[in-house]
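For reference, the structure discussed in these notes is given below.
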Amino acid sequence: MTMEDTRREPRRDARRSAEVVRPDEEHPLGNIGGRVRQGVGSWLKSPALDFYGLIVVGALLISVGLVMVLSSSSVSNISRGDSGFAGLLRQGTFAGMGLVALAVAALMPPGFYRRAAWFLFVLGLALQCLVHVPGLGVEVYGNRNWIQIGSQRLQPSEFLKLALAVWLGAVLAMKRPLLHRPFHLIIPLLPGAGVALGLVILGHDLGTMLVMAMLVAGAVWVAGVPRRWFVGVGLAGLAGVIALTITSGNRMARINNWLHGTCPGDTCLQSEQGLMGLAEGGWWGLGLGESRQKWGRLPAAEDDYIFAIIGEELGLIGTLGVLALFTALALLMFRMITRLDDHFMQITVAGISAWLLGQAFVNMMVVTGLLPVIGVPLPFISSGGSALLASMTALGVLISFARREPGAAEAIGARLSSVRSSISVLPAPRGRSAAPATARSAPAKHPVKGTPRQAAAKHPAKGTPRQAAAKRPATGTPRSSSSRTRRSGRGTAPSRRS
């Protein structure tokens, strides 16, 4: 190769390497869209999606609730002489208690809930009976649905909802093969659900009773009750609701205000101020903490009408964000119903879904004027310790069931093991200098003690005799020249001694 060829060769290699590493002009970063679609598709097919999704969505809803309770209750607390953070401290205390209840409920196996269904249901009925005990039950806005224990006020019907969902799951799962027979459909389903709803309506709380009726309907539908019975019982329940409405002047006034828009006095104050708050928020809102309705204009701003404060401070984007969180929660629970292979868990999840989602959408429809005023809180967000405790406990039950989906336990365990291996710390090597990697990874099985010369004597080098002689150290008396000559050259004759 001439000098000129040698000079040209690097230029040719440089040109070739530049062509190889040159990025694609249309996709300089590669097929990002394809990788994203592949990653999202594998994530959506993961057996542990419901487990992690419930944790994330629940944490976001509870966080939004704590922030909005602080914002909506600060002015009213200051006007009463309390701290502006009193609402946050009270709601945060119940959130901490709910977190403990959530963790305990998530660790319990589904078999525990199946065995304890009757006990939980009877306990819920007993707590609901306490609201009718004189001196213990408290009436608020015409509804007797609370009990006063010291300085705390609790609403037993919130815990009765969860107990009713678990009880329906256990009963309907046991009687599922016999639900086409009227006797097995009626006993004990109809008396049990009728007593639970009757105790609530006895305290004149029609909104809570409607939510519990939706819970029963969701559980019965997923259990596979024949449609003719489902429609028949539904029509009978609707007739009962109409009868309860027309026999109450307060309820008829609310419906007339909603239908005709004529509001004598201040009967439409709450609904009108709620709509005004949503209108003032616009697209982007007035800013967090900048609500005007919470300055005494909107009754129950931190309770049933907290969604109006969200719309006023965070705008349409904030309300759509809350709606998106509940939609994600609905998709997760519907996915659980289709993936679970146990009828008890399927029916219980259906009941809890109808309760949480039905109550959430009823609350938002009331605030936006799509339904007449019904006093139900927004789950996870509205101020109220009983509602938050019951909702977080129900979320723990859902997480416990999500861990039992096919393949979920293995996926969760693999993820936890990978996280533990990624954060593990290896010990630093001892001594001044680190040993080679090969020496650390494959230590000698038979370490040799003594000096290097003794070690070489105990373990002679392997190979051909010539290589062994070259590697063997010279020890002892020197060999004779004849032996060296005999080993060094094959064609040379050995010398003779005279």
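By convention in this document, the chains of the structure tokens carry letters A, B, ... by their order, each chain's residues are numbered from 1, and ligands are numbered from 1 in the order they are shown.
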
Query raised in the report: Contacts of A:Gly111 at 12 Å or less, counting only C-alpha atoms, minus same-chain residues fewer than 4 places along, as a ChimeraX atom specification?
Result: /A:107,115-117,166,169-170,342,344-345,397,400-401,404

For the selection just defined, write its residues with N, CA and C atoms to a file, as a compact mmCIF listing (two decimals), in the first residue's frame.
# COMPACT_ATOMS: atom_id res chain seq x y z
N LEU A 107 -54.97 -4.74 53.92
CA LEU A 107 -54.20 -5.92 54.31
C LEU A 107 -55.08 -7.13 54.61
N ARG A 115 -66.59 -13.66 55.76
CA ARG A 115 -66.99 -14.25 57.05
C ARG A 115 -67.61 -13.22 58.00
N ALA A 116 -67.13 -11.97 57.92
CA ALA A 116 -67.61 -10.94 58.84
C ALA A 116 -68.76 -10.12 58.27
N ALA A 117 -69.36 -10.54 57.16
CA ALA A 117 -70.39 -9.73 56.49
C ALA A 117 -71.60 -9.52 57.39
N VAL A 166 -70.83 -4.99 51.61
CA VAL A 166 -70.18 -6.27 51.92
C VAL A 166 -71.22 -7.35 52.18
N GLY A 169 -72.74 -8.54 48.95
CA GLY A 169 -71.82 -9.40 48.23
C GLY A 169 -71.81 -10.82 48.76
N ALA A 170 -71.82 -10.97 50.10
CA ALA A 170 -71.79 -12.31 50.69
C ALA A 170 -73.10 -13.06 50.44
N ASP A 342 -64.11 -14.10 41.42
CA ASP A 342 -64.88 -14.48 42.60
C ASP A 342 -66.15 -13.65 42.64
N PHE A 344 -68.25 -13.05 45.07
CA PHE A 344 -68.36 -12.17 46.24
C PHE A 344 -67.65 -10.85 46.00
N MET A 345 -66.44 -10.91 45.50
CA MET A 345 -65.69 -9.67 45.25
C MET A 345 -66.33 -8.86 44.13
N VAL A 397 -60.82 -1.61 51.01
CA VAL A 397 -61.43 -2.89 50.61
C VAL A 397 -61.21 -3.14 49.12
N SER A 400 -57.67 -4.25 48.58
CA SER A 400 -57.52 -5.65 48.98
C SER A 400 -58.01 -6.59 47.89
N PHE A 401 -59.11 -6.26 47.27
CA PHE A 401 -59.62 -7.10 46.18
C PHE A 401 -58.74 -7.00 44.94
N ARG A 404 -55.98 -9.42 44.59
CA ARG A 404 -56.35 -10.82 44.31
C ARG A 404 -56.75 -11.02 42.86

Show me, as JSON lines, the residues of stretch 358-414 of chain A having an atom within 12 Å of stretch 72-82 of chain A, each with the closest atom pair and its distance in Å, using only C-alpha atoms.
{"residue": "A:Ile381", "atom": "CA", "partner": "A:Ser72", "partner_atom": "CA", "distance": 11.4}
{"residue": "A:Ser382", "atom": "CA", "partner": "A:Ser72", "partner_atom": "CA", "distance": 10.1}
{"residue": "A:Ser383", "atom": "CA", "partner": "A:Ser73", "partner_atom": "CA", "distance": 9.0}
{"residue": "A:Gly384", "atom": "CA", "partner": "A:Ser73", "partner_atom": "CA", "distance": 12.0}

Report task. Tell me which protein, DNA and RNA residues are within 6 Å of stretch 191-203 of chain A, counting only C-alpha atoms, leaving out same-chain ones fewer than 4 positions away, and put them as number ranges by chain. Result -> A: 143-145, 209

Produce a file of the selected residues containing N, CA and C atoms, as a PDB file, in the first residue's frame.
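part.pdb written:
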ATOM      1  N   ASN A 143     -83.089  16.741  59.180  1.00  0.00           N
ATOM      2  CA  ASN A 143     -82.718  15.330  59.049  1.00  0.00           C
ATOM      3  C   ASN A 143     -82.090  14.847  60.347  1.00  0.00           C
ATOM      4  N   ARG A 144     -82.591  13.750  60.854  1.00  0.00           N
ATOM      5  CA  ARG A 144     -82.033  13.155  62.071  1.00  0.00           C
ATOM      6  C   ARG A 144     -81.168  11.969  61.652  1.00  0.00           C
ATOM      7  N   ASN A 145     -79.925  12.279  61.353  1.00  0.00           N
ATOM      8  CA  ASN A 145     -79.033  11.258  60.811  1.00  0.00           C
ATOM      9  C   ASN A 145     -77.640  11.342  61.422  1.00  0.00           C
ATOM     10  N   MET A 209     -80.777   7.890  51.537  1.00  0.00           N
ATOM     11  CA  MET A 209     -81.540   6.701  51.187  1.00  0.00           C
ATOM     12  C   MET A 209     -81.480   6.412  49.688  1.00  0.00           C
TER      13      MET A 209
END

Report task. With a distance cut-off of 10 Å and only C-alpha atoms, select the neighbouring residues of A:Ile149, excluding the residue or stretch itself and same-chain residues fewer than 4 positions from it, and output the selection as number ranges by chain. Result -> A: 136-137, 153-154

Include C-alpha atoms and write out the residues we just selected as a compact mmCIF listing (two decimals), in the first residue's frame.
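Dumped everything to result.txt:
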# COMPACT_ATOMS: atom_id res chain seq x y z
CA LEU A 136 -77.72 11.01 71.47
CA GLY A 137 -79.26 11.62 68.06
CA ARG A 153 -70.58 14.48 65.43
CA LEU A 154 -70.74 11.24 63.44

What residues in stretch 152-350 of chain A get the DSSP label alpha helix (DSSP H)? Please answer as a short mmCIF file (atom, residue, chain, number, x, y, z; two decimals) with N, CA and C atoms, in the first residue's frame.
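Okay, out00.cif is ready:
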data_model
loop_
_atom_site.label_atom_id
_atom_site.label_comp_id
_atom_site.auth_asym_id
_atom_site.auth_seq_id
_atom_site.Cartn_x
_atom_site.Cartn_y
_atom_site.Cartn_z
N PRO A 156 -73.72 7.72 61.19
CA PRO A 156 -73.62 6.26 61.07
C PRO A 156 -74.02 5.72 59.70
N SER A 157 -74.85 6.44 58.96
CA SER A 157 -75.30 5.93 57.67
C SER A 157 -74.15 5.77 56.69
N GLU A 158 -73.07 6.53 56.85
CA GLU A 158 -71.92 6.37 55.96
C GLU A 158 -71.26 5.01 56.15
N PHE A 159 -71.15 4.56 57.38
CA PHE A 159 -70.57 3.24 57.64
C PHE A 159 -71.56 2.13 57.30
N LEU A 160 -72.85 2.43 57.39
CA LEU A 160 -73.85 1.44 57.01
C LEU A 160 -73.79 1.15 55.51
N LYS A 161 -73.40 2.12 54.71
CA LYS A 161 -73.26 1.90 53.27
C LYS A 161 -72.22 0.83 52.98
N LEU A 162 -71.07 0.95 53.60
CA LEU A 162 -70.01 -0.04 53.38
C LEU A 162 -70.43 -1.41 53.89
N ALA A 163 -71.04 -1.45 55.09
CA ALA A 163 -71.49 -2.74 55.62
C ALA A 163 -72.56 -3.37 54.72
N LEU A 164 -73.43 -2.55 54.16
CA LEU A 164 -74.47 -3.07 53.27
C LEU A 164 -73.86 -3.64 52.00
N ALA A 165 -72.83 -3.00 51.45
CA ALA A 165 -72.19 -3.50 50.24
C ALA A 165 -71.53 -4.85 50.48
N VAL A 166 -70.83 -4.99 51.61
CA VAL A 166 -70.18 -6.27 51.92
C VAL A 166 -71.22 -7.35 52.18
N TRP A 167 -72.29 -7.01 52.89
CA TRP A 167 -73.34 -7.99 53.19
C TRP A 167 -74.04 -8.45 51.92
N LEU A 168 -74.34 -7.53 51.01
CA LEU A 168 -74.96 -7.91 49.74
C LEU A 168 -74.05 -8.82 48.93
N GLY A 169 -72.74 -8.54 48.95
CA GLY A 169 -71.82 -9.40 48.23
C GLY A 169 -71.81 -10.82 48.76
N ALA A 170 -71.82 -10.97 50.10
CA ALA A 170 -71.79 -12.31 50.69
C ALA A 170 -73.10 -13.06 50.44
N VAL A 171 -74.23 -12.38 50.63
CA VAL A 171 -75.53 -13.05 50.48
C VAL A 171 -75.80 -13.41 49.02
N LEU A 172 -75.60 -12.49 48.11
CA LEU A 172 -75.91 -12.74 46.70
C LEU A 172 -74.94 -13.74 46.08
N ALA A 173 -73.68 -13.74 46.54
CA ALA A 173 -72.74 -14.74 46.03
C ALA A 173 -73.12 -16.14 46.47
N MET A 174 -73.61 -16.28 47.70
CA MET A 174 -74.03 -17.59 48.19
C MET A 174 -75.30 -18.07 47.50
N PRO A 182 -88.13 -17.08 43.43
CA PRO A 182 -88.58 -15.89 44.18
C PRO A 182 -88.25 -15.94 45.66
N PHE A 183 -88.40 -17.12 46.29
CA PHE A 183 -88.16 -17.18 47.73
C PHE A 183 -86.71 -16.85 48.06
N HIS A 184 -85.76 -17.45 47.33
CA HIS A 184 -84.34 -17.20 47.59
C HIS A 184 -83.94 -15.78 47.19
N LEU A 185 -84.69 -15.18 46.28
CA LEU A 185 -84.39 -13.79 45.92
C LEU A 185 -84.88 -12.83 46.99
N ILE A 186 -86.00 -13.14 47.60
CA ILE A 186 -86.59 -12.23 48.59
C ILE A 186 -85.94 -12.38 49.96
N LEU A 189 -82.64 -10.99 51.24
CA LEU A 189 -82.24 -9.74 50.59
C LEU A 189 -83.23 -8.61 50.86
N LEU A 190 -84.50 -8.87 50.61
CA LEU A 190 -85.49 -7.81 50.74
C LEU A 190 -85.66 -7.32 52.18
N PRO A 191 -85.78 -8.19 53.17
CA PRO A 191 -85.89 -7.67 54.54
C PRO A 191 -84.65 -6.91 55.00
N GLY A 192 -83.45 -7.43 54.69
CA GLY A 192 -82.22 -6.76 55.13
C GLY A 192 -82.06 -5.38 54.53
N ALA A 193 -82.19 -5.30 53.19
CA ALA A 193 -82.06 -3.99 52.54
C ALA A 193 -83.19 -3.06 52.94
N GLY A 194 -84.40 -3.61 53.14
CA GLY A 194 -85.52 -2.76 53.55
C GLY A 194 -85.32 -2.16 54.93
N VAL A 195 -84.75 -2.93 55.87
CA VAL A 195 -84.49 -2.39 57.21
C VAL A 195 -83.42 -1.31 57.15
N ALA A 196 -82.37 -1.53 56.37
CA ALA A 196 -81.30 -0.53 56.27
C ALA A 196 -81.82 0.78 55.69
N LEU A 197 -82.55 0.71 54.59
CA LEU A 197 -83.09 1.92 53.98
C LEU A 197 -84.18 2.55 54.86
N GLY A 198 -84.96 1.71 55.54
CA GLY A 198 -86.02 2.24 56.39
C GLY A 198 -85.49 3.02 57.57
N LEU A 199 -84.39 2.55 58.19
CA LEU A 199 -83.81 3.28 59.31
C LEU A 199 -83.29 4.64 58.89
N VAL A 200 -82.79 4.73 57.65
CA VAL A 200 -82.29 6.02 57.16
C VAL A 200 -83.43 6.97 56.84
N ILE A 201 -84.45 6.48 56.15
CA ILE A 201 -85.57 7.36 55.79
C ILE A 201 -86.40 7.71 57.03
N LEU A 206 -83.66 11.69 52.78
CA LEU A 206 -84.00 11.06 51.50
C LEU A 206 -82.78 10.93 50.59
N GLY A 207 -81.86 11.89 50.62
CA GLY A 207 -80.68 11.82 49.76
C GLY A 207 -79.81 10.62 50.06
N THR A 208 -79.54 10.37 51.36
CA THR A 208 -78.74 9.19 51.72
C THR A 208 -79.47 7.91 51.37
N MET A 209 -80.78 7.89 51.54
CA MET A 209 -81.54 6.70 51.19
C MET A 209 -81.48 6.41 49.69
N LEU A 210 -81.51 7.45 48.85
CA LEU A 210 -81.39 7.24 47.41
C LEU A 210 -80.02 6.68 47.03
N VAL A 211 -78.98 7.17 47.68
CA VAL A 211 -77.64 6.64 47.41
C VAL A 211 -77.56 5.16 47.80
N MET A 212 -78.15 4.79 48.93
CA MET A 212 -78.14 3.39 49.34
C MET A 212 -78.98 2.54 48.40
N ALA A 213 -80.05 3.11 47.86
CA ALA A 213 -80.85 2.37 46.89
C ALA A 213 -80.04 2.11 45.62
N MET A 214 -79.23 3.08 45.19
CA MET A 214 -78.35 2.85 44.04
C MET A 214 -77.32 1.78 44.34
N LEU A 215 -76.83 1.74 45.57
CA LEU A 215 -75.88 0.69 45.98
C LEU A 215 -76.51 -0.68 45.84
N VAL A 216 -77.74 -0.84 46.34
CA VAL A 216 -78.42 -2.12 46.24
C VAL A 216 -78.67 -2.50 44.78
N ALA A 217 -79.07 -1.51 43.97
CA ALA A 217 -79.34 -1.79 42.55
C ALA A 217 -78.08 -2.25 41.83
N GLY A 218 -76.94 -1.59 42.10
CA GLY A 218 -75.70 -2.00 41.44
C GLY A 218 -75.28 -3.40 41.81
N ALA A 219 -75.39 -3.77 43.09
CA ALA A 219 -75.01 -5.11 43.53
C ALA A 219 -75.94 -6.16 42.95
N VAL A 220 -77.23 -5.89 42.94
CA VAL A 220 -78.20 -6.86 42.43
C VAL A 220 -78.03 -7.06 40.93
N TRP A 221 -77.73 -5.99 40.21
CA TRP A 221 -77.56 -6.11 38.76
C TRP A 221 -76.36 -6.98 38.41
N VAL A 222 -75.22 -6.77 39.06
CA VAL A 222 -74.03 -7.56 38.77
C VAL A 222 -74.20 -9.00 39.25
N ALA A 223 -75.01 -9.22 40.29
CA ALA A 223 -75.24 -10.58 40.78
C ALA A 223 -76.00 -11.44 39.77
N ARG A 227 -84.06 -9.91 34.96
CA ARG A 227 -84.45 -8.53 34.68
C ARG A 227 -85.88 -8.22 35.08
N ARG A 228 -86.75 -9.18 34.98
CA ARG A 228 -88.15 -8.91 35.32
C ARG A 228 -88.28 -8.56 36.81
N TRP A 229 -87.51 -9.28 37.65
CA TRP A 229 -87.53 -8.95 39.07
C TRP A 229 -86.84 -7.62 39.34
N PHE A 230 -85.77 -7.37 38.62
CA PHE A 230 -85.04 -6.12 38.79
C PHE A 230 -85.93 -4.93 38.43
N VAL A 231 -86.61 -5.02 37.30
CA VAL A 231 -87.48 -3.92 36.88
C VAL A 231 -88.67 -3.78 37.83
N GLY A 232 -89.23 -4.89 38.28
CA GLY A 232 -90.38 -4.83 39.18
C GLY A 232 -90.04 -4.16 40.50
N VAL A 233 -88.92 -4.57 41.10
CA VAL A 233 -88.51 -3.96 42.37
C VAL A 233 -88.13 -2.50 42.16
N GLY A 234 -87.52 -2.19 41.01
CA GLY A 234 -87.17 -0.81 40.74
C GLY A 234 -88.38 0.10 40.62
N LEU A 235 -89.43 -0.38 39.95
CA LEU A 235 -90.65 0.43 39.84
C LEU A 235 -91.32 0.60 41.19
N ALA A 236 -91.29 -0.44 42.01
CA ALA A 236 -91.87 -0.32 43.35
C ALA A 236 -91.08 0.69 44.19
N GLY A 237 -89.77 0.68 44.08
CA GLY A 237 -88.96 1.65 44.80
C GLY A 237 -89.20 3.07 44.32
N LEU A 238 -89.36 3.25 43.01
CA LEU A 238 -89.65 4.58 42.47
C LEU A 238 -90.99 5.10 42.97
N ALA A 239 -91.96 4.24 43.05
CA ALA A 239 -93.25 4.66 43.59
C ALA A 239 -93.13 5.08 45.05
N GLY A 240 -92.30 4.37 45.82
CA GLY A 240 -92.09 4.76 47.21
C GLY A 240 -91.41 6.11 47.34
N VAL A 241 -90.43 6.39 46.46
CA VAL A 241 -89.75 7.69 46.49
C VAL A 241 -90.72 8.82 46.14
N ILE A 242 -91.59 8.58 45.17
CA ILE A 242 -92.57 9.61 44.80
C ILE A 242 -93.53 9.87 45.95
N ALA A 243 -93.93 8.79 46.64
CA ALA A 243 -94.83 8.97 47.78
C ALA A 243 -94.16 9.76 48.89
N LEU A 244 -92.89 9.48 49.16
CA LEU A 244 -92.17 10.22 50.20
C LEU A 244 -91.97 11.68 49.80
N THR A 245 -91.89 11.94 48.52
CA THR A 245 -91.65 13.32 48.07
C THR A 245 -92.92 14.16 48.17
N ILE A 246 -94.03 13.61 47.70
CA ILE A 246 -95.26 14.41 47.66
C ILE A 246 -95.86 14.59 49.05
N GLY A 249 -93.65 18.75 52.41
CA GLY A 249 -93.73 20.09 51.83
C GLY A 249 -92.36 20.64 51.46
N ASN A 250 -91.34 20.35 52.25
CA ASN A 250 -89.99 20.84 51.96
C ASN A 250 -89.46 20.25 50.66
N ARG A 251 -89.66 18.95 50.46
CA ARG A 251 -89.17 18.32 49.23
C ARG A 251 -89.94 18.81 48.02
N MET A 252 -91.26 18.98 48.13
CA MET A 252 -92.04 19.48 47.01
C MET A 252 -91.65 20.92 46.65
N ALA A 253 -91.32 21.72 47.65
CA ALA A 253 -90.87 23.09 47.37
C ALA A 253 -89.57 23.08 46.59
N ARG A 254 -88.65 22.21 46.94
CA ARG A 254 -87.38 22.12 46.20
C ARG A 254 -87.61 21.69 44.75
N ILE A 255 -88.50 20.73 44.56
CA ILE A 255 -88.77 20.28 43.19
C ILE A 255 -89.46 21.37 42.38
N ASN A 256 -90.40 22.08 42.98
CA ASN A 256 -91.07 23.17 42.26
C ASN A 256 -90.09 24.28 41.92
N ASN A 257 -89.19 24.59 42.82
CA ASN A 257 -88.18 25.60 42.51
C ASN A 257 -87.29 25.16 41.36
N TRP A 258 -86.97 23.88 41.32
CA TRP A 258 -86.10 23.37 40.26
C TRP A 258 -86.82 23.31 38.92
N LEU A 259 -88.10 22.94 38.94
CA LEU A 259 -88.85 22.80 37.68
C LEU A 259 -89.27 24.15 37.11
N HIS A 260 -89.80 25.04 37.96
CA HIS A 260 -90.40 26.28 37.47
C HIS A 260 -89.49 27.49 37.63
N LEU A 269 -81.69 30.25 47.38
CA LEU A 269 -80.42 30.94 47.64
C LEU A 269 -79.23 30.03 47.40
N GLN A 270 -79.28 28.82 47.92
CA GLN A 270 -78.13 27.93 47.80
C GLN A 270 -77.85 27.55 46.36
N SER A 271 -78.86 27.17 45.62
CA SER A 271 -78.66 26.76 44.23
C SER A 271 -78.23 27.94 43.36
N GLU A 272 -78.82 29.12 43.59
CA GLU A 272 -78.44 30.29 42.79
C GLU A 272 -77.01 30.72 43.07
N GLN A 273 -76.60 30.75 44.33
CA GLN A 273 -75.24 31.15 44.64
C GLN A 273 -74.23 30.11 44.15
N GLY A 274 -74.62 28.84 44.14
CA GLY A 274 -73.72 27.84 43.59
C GLY A 274 -73.50 28.02 42.10
N LEU A 275 -74.57 28.27 41.36
CA LEU A 275 -74.42 28.54 39.93
C LEU A 275 -73.65 29.82 39.68
N MET A 276 -73.84 30.83 40.54
CA MET A 276 -73.10 32.08 40.38
C MET A 276 -71.60 31.86 40.58
N GLY A 277 -71.27 31.00 41.55
CA GLY A 277 -69.85 30.70 41.76
C GLY A 277 -69.24 30.00 40.56
N LEU A 278 -69.95 29.06 39.96
CA LEU A 278 -69.44 28.40 38.76
C LEU A 278 -69.29 29.38 37.61
N ALA A 279 -70.24 30.32 37.48
CA ALA A 279 -70.18 31.29 36.39
C ALA A 279 -69.02 32.27 36.59
N GLU A 280 -68.79 32.70 37.82
CA GLU A 280 -67.70 33.64 38.06
C GLU A 280 -66.33 33.00 37.84
N GLY A 281 -66.24 31.70 38.00
CA GLY A 281 -64.94 31.04 37.79
C GLY A 281 -64.48 31.05 36.35
N ILE A 306 -69.11 22.18 47.89
CA ILE A 306 -67.69 22.46 47.69
C ILE A 306 -67.32 22.40 46.21
N PHE A 307 -68.11 21.70 45.41
CA PHE A 307 -67.85 21.65 43.97
C PHE A 307 -68.02 23.03 43.33
N ALA A 308 -68.92 23.85 43.88
CA ALA A 308 -69.09 25.22 43.38
C ALA A 308 -67.85 26.07 43.69
N ILE A 309 -67.25 25.86 44.86
CA ILE A 309 -66.02 26.59 45.20
C ILE A 309 -64.87 26.15 44.30
N ILE A 310 -64.82 24.87 43.97
CA ILE A 310 -63.79 24.39 43.03
C ILE A 310 -63.95 25.08 41.68
N GLY A 311 -65.19 25.18 41.19
CA GLY A 311 -65.41 25.84 39.91
C GLY A 311 -65.11 27.32 39.96
N GLU A 312 -65.37 27.97 41.09
CA GLU A 312 -65.10 29.40 41.18
C GLU A 312 -63.61 29.70 41.27
N GLU A 313 -62.86 28.90 42.01
CA GLU A 313 -61.44 29.19 42.20
C GLU A 313 -60.56 28.57 41.12
N LEU A 314 -60.92 27.40 40.64
CA LEU A 314 -60.10 26.70 39.65
C LEU A 314 -60.71 26.69 38.27
N GLY A 315 -61.92 27.21 38.13
CA GLY A 315 -62.54 27.33 36.82
C GLY A 315 -63.03 26.01 36.25
N LEU A 316 -63.39 26.08 34.97
CA LEU A 316 -63.87 24.88 34.29
C LEU A 316 -62.80 23.79 34.25
N ILE A 317 -61.55 24.19 34.15
CA ILE A 317 -60.47 23.21 34.12
C ILE A 317 -60.43 22.41 35.42
N GLY A 318 -60.63 23.09 36.55
CA GLY A 318 -60.63 22.39 37.84
C GLY A 318 -61.79 21.43 37.99
N THR A 319 -62.99 21.86 37.58
CA THR A 319 -64.14 20.95 37.68
C THR A 319 -63.99 19.76 36.75
N LEU A 320 -63.46 19.99 35.55
CA LEU A 320 -63.24 18.86 34.64
C LEU A 320 -62.15 17.93 35.17
N GLY A 321 -61.18 18.49 35.88
CA GLY A 321 -60.16 17.64 36.49
C GLY A 321 -60.75 16.72 37.55
N VAL A 322 -61.64 17.26 38.39
CA VAL A 322 -62.31 16.42 39.40
C VAL A 322 -63.18 15.37 38.71
N LEU A 323 -63.88 15.77 37.68
CA LEU A 323 -64.71 14.81 36.93
C LEU A 323 -63.84 13.73 36.30
N ALA A 324 -62.66 14.09 35.81
CA ALA A 324 -61.76 13.10 35.21
C ALA A 324 -61.26 12.11 36.26
N LEU A 325 -61.01 12.57 37.49
CA LEU A 325 -60.57 11.66 38.54
C LEU A 325 -61.66 10.64 38.87
N PHE A 326 -62.89 11.09 38.98
CA PHE A 326 -63.97 10.14 39.26
C PHE A 326 -64.22 9.21 38.07
N THR A 327 -64.02 9.72 36.86
CA THR A 327 -64.14 8.85 35.69
C THR A 327 -63.07 7.76 35.69
N ALA A 328 -61.83 8.15 36.05
CA ALA A 328 -60.76 7.16 36.15
C ALA A 328 -61.06 6.13 37.24
N LEU A 329 -61.62 6.60 38.36
CA LEU A 329 -62.01 5.66 39.41
C LEU A 329 -63.09 4.70 38.93
N ALA A 330 -64.02 5.21 38.13
CA ALA A 330 -65.08 4.35 37.59
C ALA A 330 -64.49 3.30 36.65
N LEU A 331 -63.56 3.69 35.79
CA LEU A 331 -62.96 2.73 34.87
C LEU A 331 -62.18 1.65 35.61
N LEU A 332 -61.48 2.05 36.67
CA LEU A 332 -60.73 1.06 37.44
C LEU A 332 -61.67 0.05 38.10
N MET A 333 -62.76 0.53 38.68
CA MET A 333 -63.68 -0.39 39.35
C MET A 333 -64.43 -1.27 38.36
N PHE A 334 -64.78 -0.73 37.21
CA PHE A 334 -65.41 -1.57 36.19
C PHE A 334 -64.44 -2.62 35.67
N ARG A 335 -63.17 -2.25 35.55
CA ARG A 335 -62.17 -3.23 35.12
C ARG A 335 -62.00 -4.33 36.17
N MET A 336 -62.08 -3.98 37.43
CA MET A 336 -61.99 -4.98 38.48
C MET A 336 -63.14 -5.98 38.40
N ILE A 337 -64.34 -5.48 38.13
CA ILE A 337 -65.50 -6.38 38.05
C ILE A 337 -65.31 -7.41 36.94
N THR A 338 -64.72 -6.99 35.82
CA THR A 338 -64.53 -7.91 34.70
C THR A 338 -63.35 -8.85 34.89
N ARG A 339 -62.39 -8.49 35.73
CA ARG A 339 -61.19 -9.32 35.89
C ARG A 339 -61.26 -10.26 37.08
N HIS A 343 -67.30 -14.30 42.76
CA HIS A 343 -68.58 -13.59 42.73
C HIS A 343 -68.75 -12.65 43.92
N PHE A 344 -68.25 -13.05 45.07
CA PHE A 344 -68.36 -12.17 46.24
C PHE A 344 -67.65 -10.85 46.00
N MET A 345 -66.44 -10.91 45.50
CA MET A 345 -65.69 -9.67 45.25
C MET A 345 -66.33 -8.86 44.13
N GLN A 346 -66.82 -9.52 43.09
CA GLN A 346 -67.47 -8.79 42.00
C GLN A 346 -68.69 -8.01 42.49
N ILE A 347 -69.54 -8.66 43.27
CA ILE A 347 -70.77 -8.00 43.73
C ILE A 347 -70.45 -6.88 44.72
N THR A 348 -69.48 -7.11 45.59
CA THR A 348 -69.11 -6.08 46.55
C THR A 348 -68.51 -4.86 45.86
N VAL A 349 -67.66 -5.09 44.87
CA VAL A 349 -67.10 -3.96 44.11
C VAL A 349 -68.20 -3.21 43.38
N ALA A 350 -69.18 -3.94 42.85
CA ALA A 350 -70.29 -3.27 42.17
C ALA A 350 -71.08 -2.39 43.13
#

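Shortest atom-to-atom contact with A:Ala301 among A:Leu416, A:Leu178, A:Leu70, A:Val140: A:Leu70, counting only C-alpha atoms.
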
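Interatomic distance, atom CA of A:Gln148 against atom CA of A:Gly135: 8.4 Å.
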
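Candidate residues A:Glu410, A:Ile399, A:Glu405, A:Phe94 were compared for distance to A:Tyr52, and the nearest is A:Ile399, using only C-alpha atoms.
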
Requested in this report: Enumerate as a PyMOL selection string all residues of stretch 78-321 of chain A assigned to strand (DSSP E) by DSSP on the backbone, naming them with the chain letters and numbers the document uses.
Outcome: chain A and resi 137-140+143-149+152-154

Export, as a PDB file, in the first residue's frame, the selected residues with C-alpha atoms.
ATOM      1  CA  GLY A 137     -79.258  11.617  68.061  1.00  0.00           C
ATOM      2  CA  VAL A 138     -78.908  15.087  66.510  1.00  0.00           C
ATOM      3  CA  GLU A 139     -81.192  16.708  63.947  1.00  0.00           C
ATOM      4  CA  VAL A 140     -79.593  18.966  61.308  1.00  0.00           C
ATOM      5  CA  ASN A 143     -82.718  15.330  59.049  1.00  0.00           C
ATOM      6  CA  ARG A 144     -82.033  13.155  62.071  1.00  0.00           C
ATOM      7  CA  ASN A 145     -79.033  11.258  60.811  1.00  0.00           C
ATOM      8  CA  TRP A 146     -76.201  12.157  63.224  1.00  0.00           C
ATOM      9  CA  ILE A 147     -75.082  11.192  66.713  1.00  0.00           C
ATOM     10  CA  GLN A 148     -73.203  13.487  69.092  1.00  0.00           C
ATOM     11  CA  ILE A 149     -70.326  11.936  71.072  1.00  0.00           C
ATOM     12  CA  GLN A 152     -67.585  14.997  67.671  1.00  0.00           C
ATOM     13  CA  ARG A 153     -70.580  14.476  65.432  1.00  0.00           C
ATOM     14  CA  LEU A 154     -70.738  11.238  63.440  1.00  0.00           C
TER      15      LEU A 154
END
